[in-house]
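A.B. asks: What follows is a single structure, and I will ask about it in a moment.
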Amino acid sequence: MADPESFTGEVELPGDSLRAAVVEGLLAAPRRVTQEFGRNYSGLKHPGIGEQLRKGMSSSDEDVRRIAIRIGRDCGAEDLYSVLVHTALDVAETDRIRVAAGYACLDLQKAQAANDLLPLVMSAALRGEDRSDELIGIGLRACWPMRLTATEVFSIIKLPKRRLFFGAYQSFLDDFAEALQSSDVVPAVEWLRAGGSSEGEPFRRLRNAVVRLALQNLDDRAVLEAMVDVIRSRATNYSPLIEIEPGDDAQLDPLEDDRGRHALVTALMEMSPSDEMLLWISDLSYATRHVLRPEDLPWIAQQCASVPADRREPWFKLFGMAYVESNRAHLDLVLSMSEDHPLYTAVVADWVRPIQIDSPEAAAMRSQLDRARRFRVPDPPQSDSFDTRISELITECEAGKLPAFWQAARMFYVRRGSDVTDNEHDPDMTKLLRWVDAPDELKERVLRVAVEYLHSRGCNPQEWLGKGLIHYPSCAAYRALVLLLKLRPDSLESLTPEDWREWSPIIATWTVTLNGATEEHKRALIERALPHARSELESALATDIAGNAERGRQSFVAVEASLLWTQAFGDQLEELYRSHSSDDVRSELIELMLTNDRPRARHILLNQLADSGISEDRRRARLALQLLLSRDMDGVFDRFMELAESDSDFARDALTSRESYYPLTIPDRDPLCLARLFVWLMQIFPPAENDDSDDDDFGLRDDVAQWRNLALDRIAKSGKPEAVAAIRYIGSLFPDERWIDRVEAAAQEEIRRAEWRETPLAELRRLSTDRHSRLVRHAGDLQSVIIEGLARVQDNLQGMTPQSHWLWDTVARRPKGEDDLSDYLQARLMELIGGRAVVINREVQVRRTGPRGVGERVDLFVSAADVTGSVSTVIVEVKCAWNRELLTAMKDQLVDRYLPDVRSRHGIYCVGWYSTSKWEASVRDLPRDARRAEVARLDRSEVEEALKAQAADMRDLGYEIELSILDVSYARPGEEPS
C-alpha cells in the first residue's frame with residue numbers, strides 16, 4: 001500500500017480486510033508516519049487487530065513498536081493490555097516506548113492499571129533515569145487514589161527534573177490539587193509546612209490548593225498550628241499567602257469568611273508576632289492576598305478590649321498598622337471611640353485629643369508638618385512675570401524687531417513659579433502649559449509673528465552646525481514651523497524657496513525622539529522643503545553627522561536620512577564610516593546604509609568578512625557578521641556557511657557573543673543548502689537535554705535552537721523534490737535521531753500536497769464512464785500512465801500479432817537504431833495514451849551545449865495539462881541494450897541533466913532488449929555488427945537488478961525514476977519467437 005496513512009483519520013474503511021491491510025502498511029513503514037497532533041487510528045479496529053499489533057509490539061524496530069502502541073491505544077485493543085504493562089515496566093525498553101505503553105494502559109484499563117503500574121511509583125530503580133518524570137507521572141495517575149493515599153503522594157512528589165515541561169507528572173500534580181478533600185488536609189498542610197517541595201512554579205497550584213483547604217479547616221488545631229508556621233515563613237520573605245495564578249480572580253479568595261480569617265489572625269497574635277509579622281498581616285492590598293480586610297478594623301478594636309492586658313500590645317500595633325486615614329469607616333470608628341476603651345488610651349488619644357496651640361506638642365507637630373511640606377511640590381501660580389514679558393517681546397516683533405521672537409518662544413518653556421526652562425527638546429509649543437493658558441489674542445499674535453520670523457535671516461549655521469551647540473534663533477524657527485504646521489498649515493505656502501533654504505539646517509538636524517520632535521512633523525516639513533532646498537538639507541545633515549562622529553557621538557537621524565538619501569549622500573556616509581574608529585558611530589552609519597542602500601552596506605561588511613578582513617581585525621569582523629545576521633540574512637548567509645565550515649570557532653563566537661537579542665531568520669535557499677546549516681548547528685549546538693532549564697543563557701540557547709529547527713522546518717515544508725534528498729542526507733549523518741524519518745515523511749507529504757490538483761466533478765464522471773481514461777493530477781500520475789502504456793506496448797511487441805519486427809532490418813536480420821525505437825514508442829504511446837491533454841514529443845531540446853552548438857535533446861518529452869492548465873512533465877530516456885552508457889545514463893543524463901532542466905523529478909528509463917538468437921552478426925556485403933557482441937555479454941537479470949538499484953539511489957536524491965525493459969527480440973507473425 002503506497003500511503004496507508006491516507007486511510008486514517010476520518011476516512012471510513014468499508015471492510016475488515018482493508019483495515020487490516022492499512023494497519024499492515026503502517027507497521028511496514030512506521031518511520032513514514034508523521035503522527036500529526038489530532039490524528040486518530042480508531043477507524044482501523046477489526047477483529048484480528050490485537051494479534052496483528054502484538055506482532056508489531058515484538059518487533060526489534062522501535063518505530064514499529066511505537067506505531068503499534070499508538071494504534072492499539074486508539075482502537076481500544078484491550079487484549080494488548082498485558083503486553084503493554086510488560087513494556088511499561090521493562091527497564092530494557094526505551095523511555096519513549098515505556099511512556100507510550102503506560103499511557104495506553106491508562107486508556108485501556110484504568111482500574112487494573114492502578115495495581116499493575118504501582119511499581120513505577122514505588123521503585124526508582126524500575127523507573128530508571130526517567131528524564132522527564134513521565135514514568136512516575138503515569139504511575140501516579142494510575143494509582144491515586146485507588147492504591148495510594150494522599151499521605152503517600154505527599155511523601156513521594158518532588159521537584160520535576162524539567163521544570164518547564166508539561167507532561168504526565170505536571171498533569172498529575174494539577175489534577176491532584178483540584179481533587180484534594182477535607183480528609184487530606186492534615187498531610188497536605190504538613191507538606192506545606194515542610195516547604196511545599198520548595199518554592200517553585202510546578203507546585204504553585206498545589207500549594208494554593210492546600211492553603212485554601214487548610215483555611216476551610218481551621219477548627220482542627222493541628223491545621224491551625226501548621227498554618228501559623230507557614231505564615232511565619234511567608235512573612236519572613238513577605239510572600240503572599242495565595243500565589244497568583246493565570247486566570248485567578250477574587251472568587252478564589254479563601255479568606256472571604258470572617259470566622260476563619262479571624263481565627264487565623266487570633267492564632268497568629270497568640271504567637272507573640274514580630275513587627276515584621278504584624279506588617280505582613282496588616283497589608284490590606286488584594287495583590288498580596290494577606291490575611292486582614294479593611295472591614296476587620298472594628299473586630300481588631302474589640303480584640304484590643306477583650307484580650308488580657310498583658311497580651312494587648314501586639315493588637316494595639318496591629319490596629320495602628322491596619323488603620324487607613326482615607327477610609328471613612330475607619331475615621332468614624334476612631335472619632336467615635338470611647339475614652340474608656342483600652343485602645344483609646346494606647347493609640348487613638350494621640351490622634352484625636354485636642355492640644356494647646358502654643359504647647360511643645362503643637363510645636364513638634366508643626367515641625368513635622370514643615371518637614372513633610374519640604375518634599376511637596378507647590379502648586380504653580382496662575383501667572384508670573386514671564387507671561388507679561390512674552391507679550392512685550394511679541395510687541396517688539398510686531399514693531400519689526402524679529403529677533404525678539406526666539407526669546408519669546410523660549411520663555412514659553414519656563415516652568416511657572418521658577419526661572420527654569422523645561423522640556424525644551426520638544427519643539428511643539430502647543431503642549432506647553434503657558435501656551436494652553438495664554439489668551440487667544442496672544443496666540444493669534446504669536447502665529448502672525450511666526451510667519452514673519454521665518455521670512456527673516458538668522459540661521460547662521462556656521463556658528464553651530466556640526467559643533468554640538470544649541471542655536472536658539474534656529475530652534476525658534478523650527479518651533480515656528482511646527483506651530484504653523486499644526487495650527488495654520490496654509491500659512492506655510494507663503495514661505496519662499498529662500499526661506500526654506502535659510503532654515504534647512506535646523507529642519508534637517510532637530511532630532512526625532514520619543515519625547516521630542518515627532519516623525520510625523522519632521523516628514524511633513526522635509527517634504528515641503530525638498531523641492532526648494534534638497535542640496536542644503538543634504539549638506540546640513542552630512543555636516544551634522546560628521547561633527548557628531550568627530551566627537552564620538554551618534555546622530556539619531558534615521559528619519560531624515562531615509563528622506564534625503566541619494567548616491568552622493570551615501571558616498572559621504574561611507575567615507576565617514578571608513579575614517580572613524582568608534583564602534584557606536586560606525587554602527588549608526590552602517591545601520592543607515594543598511595536601511596537606505598543595502599547593497600552598499602552589504603559590500604562594506606562582506607569585505608570585513610573576507611579572510612583578510614578577519615585576519616586584520618577579528619573583533620570588527622565578528623561585529624559585521626552579527627549585524628548582517630540580524631539585518632541582511634540573505635546577503636550574508638552564503639558567507640556565513642563558508643565560515644561555518646572553514647572557521648567554525650569564528651562563526652560560533654558570532655552567534656554566542658551577541659549583546660542584544662534578535663530573531664535569526666531562514667533565507668530563501670535550496671533544501672540541500674539549508675541542510676548544511678542544520679547539520680552544522682546540530683554539531684556545534686546539539687539539542688540540550690535540559691533546553692527548558694532556568695540557566696542564564698537559556699534565551700541565547702533557545703534562539704539558536706529555534707534557528708536550527710526553523711531550518712529543518714523550512715526544508716520539510718518547501719514542497720520541493722530536493723527536500724527529501726536533503727533530509728536523507730541529514731539522516732545519514734545522525735542515524736540515531738530516528739525522528740528524522742518522520743520529518744522525511746512530512747516533507748514527502750508536502751510535495752504531494754504541492755502537486756495535488758483538484759479534479760472537477762465533470763472530469764470524474766468522464767473517468768467513471770471511460771475505462772481507458774486516466775486521472776493525471778501531477779507528474780506522478782502521468783508517470784504511472786506512461787508505465788501502463790509501455791506495458792501495452794510490450795504486448796504489441798511480443799503478442800499474438802507481434803510488431804517487434806518493425807524495429808528490425810528484416811533482410812539483414814539486425815536491429816534498427818535507438819532513434820527508430822524512440823520513434824516507434826512515440827507513435828504507439830500517442831495512440832495508446834495520447835489525447836487532448838497529453839503531448840508526446842521527440843527530440844525536444846532542453847539544453848544548449850554551446851553558443852552555437854546543437855542543444856541536448858531528450859528522447860521522449862511527455863507533458864500533460866490538467867483542467868486548471870497546470871502542466872506536468874515526464875522525461876523518457878530510451879537506451880538500447882548495446883549502448884555503452886546503458887549503466888550510467890540514468891544518473892549522468894536523465895537525473896543530472898534532463899530532469900533539472902525541465903524542473904521535473906519524474907522520469908522513465910526505458911531499455912530496449914534484443915535477443916541475439918535471430919540476430920545475424922555477419923551479412924554478406926555488410927560490415928560486422930559489433931552491437932551483437934555488446935548485447936551477448938550482458939545478462940538481462942543482472943542489468944535489471946543494477947538499474948533498479950540505481951533507481952532506488954535516485955529516489956534518495958529526490959527523483960522518482962521508473963525502469964521499463966522492453967523485449968524487442970525479433971518476432972514476426974507466423975514465425976517462432978526468438
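Order determines the names: the first chain of the C-alpha cells is A, the second B, and so forth; residues in each chain are numbered 1 upward, and ligands are numbered 1 upward as they are shown.
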Would you list the contacts of Ser338 (chain A) as a list of chain:residue names, taking every protein, DNA or RNA residue within 12 Å and counting only C-alpha atoms, but skipping same-chain residues closer than 5 positions in sequence?
C.D. replies: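 Once the nearby chain positions are removed, what remains is A:Ala301, A:Ala305, A:Asp332, A:Leu333, A:Leu343, A:Tyr344, A:Thr345, A:Val348, A:Ala349, A:Val352.
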A.B. asks: Write out, as a compact mmCIF listing (two decimals), in the first residue's frame, the residues just selected, with N, CA, C and O atoms.
C.D. replies:
```
# COMPACT_ATOMS: atom_id res chain seq x y z
N ALA A 301 -10.45 46.22 67.10
CA ALA A 301 -10.73 47.07 68.27
C ALA A 301 -11.38 46.27 69.38
O ALA A 301 -11.06 46.43 70.57
N ALA A 305 -9.90 45.14 73.38
CA ALA A 305 -10.61 45.30 74.66
C ALA A 305 -10.81 43.97 75.37
O ALA A 305 -10.89 43.92 76.61
N ASP A 332 -14.52 57.16 61.15
CA ASP A 332 -15.69 57.23 62.05
C ASP A 332 -15.46 56.40 63.30
O ASP A 332 -15.84 56.80 64.42
N LEU A 333 -14.83 55.24 63.13
CA LEU A 333 -14.57 54.38 64.28
C LEU A 333 -13.66 55.08 65.29
O LEU A 333 -13.91 55.06 66.50
N LEU A 343 -7.90 50.86 73.75
CA LEU A 343 -7.25 51.30 72.53
C LEU A 343 -7.14 52.81 72.46
O LEU A 343 -6.18 53.36 71.90
N TYR A 344 -8.14 53.47 73.04
CA TYR A 344 -8.14 54.93 73.00
C TYR A 344 -6.91 55.47 73.73
O TYR A 344 -6.20 56.33 73.21
N THR A 345 -6.68 54.98 74.90
CA THR A 345 -5.55 55.47 75.69
C THR A 345 -4.23 55.12 75.05
O THR A 345 -3.31 55.95 75.01
N VAL A 348 -5.36 55.82 70.10
CA VAL A 348 -6.23 56.79 69.45
C VAL A 348 -6.17 58.17 70.08
O VAL A 348 -6.33 59.19 69.38
N ALA A 349 -5.91 58.25 71.36
CA ALA A 349 -5.91 59.55 72.04
C ALA A 349 -4.97 60.53 71.38
O ALA A 349 -5.29 61.71 71.21
N VAL A 352 -6.70 62.03 68.28
CA VAL A 352 -7.92 62.85 68.35
C VAL A 352 -7.90 63.86 69.48
O VAL A 352 -8.75 64.77 69.50
```
A.B. asks: Need the shell around region 911-915 of chain A: protein/DNA/RNA residues with any atom at most 6 Å away, counting only C-alpha atoms. Skip same-chain ones fewer than 6 positions apart. Format as a list of chain:residue names?
C.D. replies: A:Val878, A:Lys879, A:Cys880, A:Ala881, A:Ile965, A:Leu966, A:Asp967, A:Val968, A:Ser969
A.B. asks: Quick one: residues within 9 Å of Asn883 (chain A), only C-alpha atoms, excluding same-chain residues fewer than 5 positions away - as an NGL selection string?
C.D. replies: :A and (818 or 931 or 934-935)
A.B. asks: Store the residues picked out above, limited to C-alpha atoms, as a PDB file, in the first residue's frame.
C.D. replies:
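So selection_15.pdb came out as:
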```pdb
ATOM      1  CA  GLU A 818      17.762   3.779 -30.962  1.00  0.00           C
ATOM      2  CA  ARG A 931      26.398  -4.359 -31.295  1.00  0.00           C
ATOM      3  CA  GLU A 934      27.889  -5.971 -26.704  1.00  0.00           C
ATOM      4  CA  VAL A 935      24.451  -7.473 -26.004  1.00  0.00           C
TER       5      VAL A 935
END
```
A.B. asks: As number ranges by chain, please: every residue in region 775-934 of chain A that DSSP puts in helix (DSSP H, G or I).
C.D. replies: A: 779-798, 804-807, 818-832, 889-902, 930-934
A.B. asks: Tell me which of A:Asp358, A:Glu452, A:Asp79, A:Glu744 sits closest to Ile727 (chain A), counting only C-alpha atoms.
C.D. replies: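 Distance minimum relative to Ile727 (chain A) lands on A:Glu744.
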A.B. asks: Can you work out the spacing between CA of Arg714 (chain A) and CA of Tyr729 (chain A) in Å, to one decimal?
C.D. replies: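 So the answer is 15.4 Å.
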A.B. asks: Choose the residue, out of A:Cys459, A:Val743, A:Ala558, A:Leu53, that has the smallest atom-to-atom separation from Ala716 (chain A); count only C-alpha atoms.
C.D. replies: A:Val743
A.B. asks: Return the single residue from A:Val85, A:Leu432, A:Leu797, A:Leu712 that is closest to Leu674 (chain A), with distances computed using only C-alpha atoms.
C.D. replies: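 Under the stated criterion, the closest residue is A:Leu712.
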A.B. asks: So how far away is CA of Met122 (chain A) from CA of Ser155 (chain A), in Å?
C.D. replies: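 Between CA of Ser155 (chain A) and CA of Met122 (chain A) the gap works out to 11.2 Å.
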A.B. asks: For CA of Pro47 (chain A) and CA of Glu93 (chain A), quote the distance in Å rounded to one decimal.
C.D. replies: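 We find that CA of Pro47 (chain A) and CA of Glu93 (chain A) lie 28.2 Å from each other.
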A.B. asks: Identify, on the basis of only C-alpha atoms, every residue whose closest approach to Ile666 (chain A) does not exceed 9 Å; exclude the query and any residue fewer than 4 positions from it along the same chain; express the result as a ChimeraX atom specification.
C.D. replies: /A:633-634,637,674,707,710-711,714
A.B. asks: Write the residues of the preceding selection, restricted to all heavy atoms, as a compact mmCIF listing (two decimals), in the first residue's frame.
C.D. replies:
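Listing of result11.txt after writing:
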```
# COMPACT_ATOMS: atom_id res chain seq x y z
N MET A 633 20.18 38.73 6.40
CA MET A 633 20.49 37.31 6.40
C MET A 633 20.70 36.78 4.98
O MET A 633 21.59 35.97 4.72
CB MET A 633 19.36 36.53 7.09
CG MET A 633 19.54 35.02 7.10
SD MET A 633 20.98 34.49 8.05
CE MET A 633 20.33 34.63 9.71
N ASP A 634 19.88 37.24 4.05
CA ASP A 634 20.01 36.75 2.68
C ASP A 634 21.37 37.12 2.09
O ASP A 634 21.97 36.33 1.35
CB ASP A 634 18.89 37.32 1.81
CG ASP A 634 18.84 36.66 0.45
OD1 ASP A 634 18.51 35.46 0.40
OD2 ASP A 634 19.13 37.33 -0.55
N PHE A 637 24.26 34.96 4.22
CA PHE A 637 24.12 33.53 4.54
C PHE A 637 25.19 32.67 3.87
O PHE A 637 25.78 31.79 4.51
CB PHE A 637 22.73 33.04 4.12
CG PHE A 637 22.48 31.60 4.48
CD1 PHE A 637 22.16 31.25 5.78
CD2 PHE A 637 22.58 30.60 3.53
CE1 PHE A 637 21.93 29.93 6.12
CE2 PHE A 637 22.37 29.28 3.86
CZ PHE A 637 22.03 28.94 5.16
N LEU A 674 20.21 24.51 3.03
CA LEU A 674 19.69 24.63 4.40
C LEU A 674 20.04 23.40 5.23
O LEU A 674 20.20 23.50 6.45
CB LEU A 674 18.18 24.83 4.37
CG LEU A 674 17.69 26.13 3.70
CD1 LEU A 674 16.18 26.22 3.76
CD2 LEU A 674 18.31 27.36 4.35
N TRP A 707 16.51 28.60 15.50
CA TRP A 707 17.07 28.77 14.15
C TRP A 707 17.33 27.40 13.53
O TRP A 707 17.03 27.17 12.36
CB TRP A 707 18.36 29.59 14.24
CG TRP A 707 18.80 30.17 12.93
CD1 TRP A 707 18.01 30.61 11.92
CD2 TRP A 707 20.14 30.38 12.50
NE1 TRP A 707 18.77 31.10 10.89
CE2 TRP A 707 20.08 30.96 11.23
CE3 TRP A 707 21.38 30.14 13.07
CZ2 TRP A 707 21.23 31.30 10.51
CZ3 TRP A 707 22.52 30.49 12.37
CH2 TRP A 707 22.44 31.06 11.10
N LEU A 710 14.00 25.90 12.68
CA LEU A 710 13.40 26.60 11.55
C LEU A 710 13.99 26.14 10.23
O LEU A 710 13.29 26.03 9.22
CB LEU A 710 13.60 28.11 11.70
CG LEU A 710 12.59 28.87 12.57
CD1 LEU A 710 13.03 30.32 12.71
CD2 LEU A 710 11.20 28.80 11.99
N ALA A 711 15.31 25.89 10.23
CA ALA A 711 15.96 25.43 9.01
C ALA A 711 15.37 24.10 8.56
O ALA A 711 15.03 23.91 7.38
CB ALA A 711 17.47 25.30 9.23
N ARG A 714 11.79 24.60 7.35
CA ARG A 714 11.73 25.19 6.01
C ARG A 714 12.00 24.14 4.94
O ARG A 714 11.37 24.12 3.88
CB ARG A 714 12.75 26.32 5.90
CG ARG A 714 12.81 26.98 4.52
CD ARG A 714 11.58 27.78 4.21
NE ARG A 714 11.43 28.89 5.10
CZ ARG A 714 12.03 30.08 4.94
NH1 ARG A 714 12.83 30.27 3.89
NH2 ARG A 714 11.84 31.05 5.80
```
A.B. asks: Show which residues sit within 7 Å of Glu243 (chain A), as a PyMOL selection string. Count only C-alpha atoms, and ignore same-chain residues fewer than 2 positions away.
C.D. replies: chain A and resi 204+208+240-241+245
A.B. asks: May I have the residues within 12 Å of Phe678 (chain A) as JSON, numbers by chain, using only C-alpha atoms and disregarding those fewer than 3 positions away in the same chain?
C.D. replies: {"A": [641, 644, 666, 671, 672, 673, 674, 675, 681, 682, 683, 684, 685, 686, 687, 704, 705, 706, 707, 708, 709, 710, 711, 712, 713, 714, 715, 726, 727, 729, 730, 731, 733, 734]}
A.B. asks: Take the residues from that selection and put them in a file with N, CA and C atoms, as a short mmCIF file (atom, residue, chain, number, x, y, z; two decimals), in the first residue's frame.
C.D. replies:
```
data_model
loop_
_atom_site.label_atom_id
_atom_site.label_comp_id
_atom_site.auth_asym_id
_atom_site.auth_seq_id
_atom_site.Cartn_x
_atom_site.Cartn_y
_atom_site.Cartn_z
N MET A 641 27.94 30.37 5.83
CA MET A 641 28.14 28.93 5.68
C MET A 641 29.59 28.60 5.34
N ALA A 644 31.31 28.89 8.60
CA ALA A 644 30.95 27.80 9.49
C ALA A 644 31.76 26.55 9.19
N ILE A 666 15.47 32.44 8.28
CA ILE A 666 15.94 31.47 7.30
C ILE A 666 15.82 32.09 5.92
N PRO A 671 16.96 23.32 -0.49
CA PRO A 671 16.96 22.45 0.69
C PRO A 671 18.32 21.90 1.07
N LEU A 672 19.15 21.55 0.10
CA LEU A 672 20.46 20.99 0.42
C LEU A 672 21.35 22.03 1.11
N CYS A 673 21.21 23.28 0.72
CA CYS A 673 21.97 24.35 1.37
C CYS A 673 21.51 24.52 2.82
N LEU A 674 20.21 24.51 3.03
CA LEU A 674 19.69 24.63 4.40
C LEU A 674 20.04 23.40 5.23
N ALA A 675 20.16 22.26 4.58
CA ALA A 675 20.57 21.06 5.31
C ALA A 675 21.98 21.21 5.86
N LEU A 681 24.63 23.33 12.84
CA LEU A 681 24.05 23.72 14.12
C LEU A 681 23.86 22.51 15.03
N MET A 682 23.52 21.37 14.46
CA MET A 682 23.39 20.15 15.27
C MET A 682 24.73 19.74 15.86
N GLN A 683 25.80 19.96 15.11
CA GLN A 683 27.12 19.56 15.57
C GLN A 683 27.70 20.55 16.58
N ILE A 684 27.49 21.84 16.33
CA ILE A 684 28.06 22.87 17.20
C ILE A 684 27.17 23.16 18.39
N PHE A 685 25.85 23.16 18.17
CA PHE A 685 24.88 23.40 19.24
C PHE A 685 23.92 22.23 19.30
N PRO A 686 24.36 21.07 19.77
CA PRO A 686 23.47 19.91 19.81
C PRO A 686 22.29 20.17 20.73
N PRO A 687 21.14 19.58 20.42
CA PRO A 687 19.96 19.78 21.28
C PRO A 687 20.27 19.38 22.71
N VAL A 704 19.20 29.95 19.19
CA VAL A 704 19.93 29.13 18.24
C VAL A 704 19.16 27.85 17.94
N ALA A 705 18.54 27.27 18.97
CA ALA A 705 17.75 26.06 18.76
C ALA A 705 16.57 26.33 17.83
N GLN A 706 15.95 27.49 17.98
CA GLN A 706 14.85 27.84 17.09
C GLN A 706 15.34 28.01 15.66
N TRP A 707 16.51 28.60 15.50
CA TRP A 707 17.07 28.77 14.15
C TRP A 707 17.33 27.40 13.53
N ARG A 708 17.89 26.52 14.33
CA ARG A 708 18.16 25.15 13.86
C ARG A 708 16.86 24.47 13.44
N ASN A 709 15.84 24.58 14.28
CA ASN A 709 14.57 23.92 13.97
C ASN A 709 13.85 24.58 12.80
N LEU A 710 14.00 25.90 12.68
CA LEU A 710 13.40 26.60 11.55
C LEU A 710 13.99 26.14 10.23
N ALA A 711 15.31 25.89 10.23
CA ALA A 711 15.96 25.43 9.01
C ALA A 711 15.37 24.10 8.56
N LEU A 712 15.22 23.16 9.50
CA LEU A 712 14.65 21.86 9.16
C LEU A 712 13.19 22.00 8.75
N ASP A 713 12.47 22.86 9.44
CA ASP A 713 11.06 23.07 9.11
C ASP A 713 10.90 23.66 7.71
N ARG A 714 11.79 24.60 7.35
CA ARG A 714 11.73 25.19 6.01
C ARG A 714 12.00 24.14 4.94
N ILE A 715 12.96 23.24 5.22
CA ILE A 715 13.25 22.17 4.27
C ILE A 715 12.01 21.29 4.09
N ALA A 726 17.66 16.17 0.88
CA ALA A 726 18.33 16.94 1.95
C ALA A 726 18.10 16.29 3.30
N ILE A 727 16.87 15.84 3.57
CA ILE A 727 16.57 15.23 4.86
C ILE A 727 17.26 13.88 4.99
N TYR A 729 20.06 13.16 3.64
CA TYR A 729 21.47 13.49 3.91
C TYR A 729 21.66 13.77 5.41
N ILE A 730 20.74 14.52 5.99
CA ILE A 730 20.81 14.79 7.44
C ILE A 730 20.71 13.48 8.21
N GLY A 731 19.76 12.62 7.81
CA GLY A 731 19.59 11.36 8.50
C GLY A 731 20.80 10.47 8.43
N LEU A 733 23.84 11.43 8.55
CA LEU A 733 24.85 11.93 9.48
C LEU A 733 24.43 11.75 10.93
N PHE A 734 23.12 11.61 11.17
CA PHE A 734 22.62 11.43 12.53
C PHE A 734 21.72 10.20 12.57
#
```
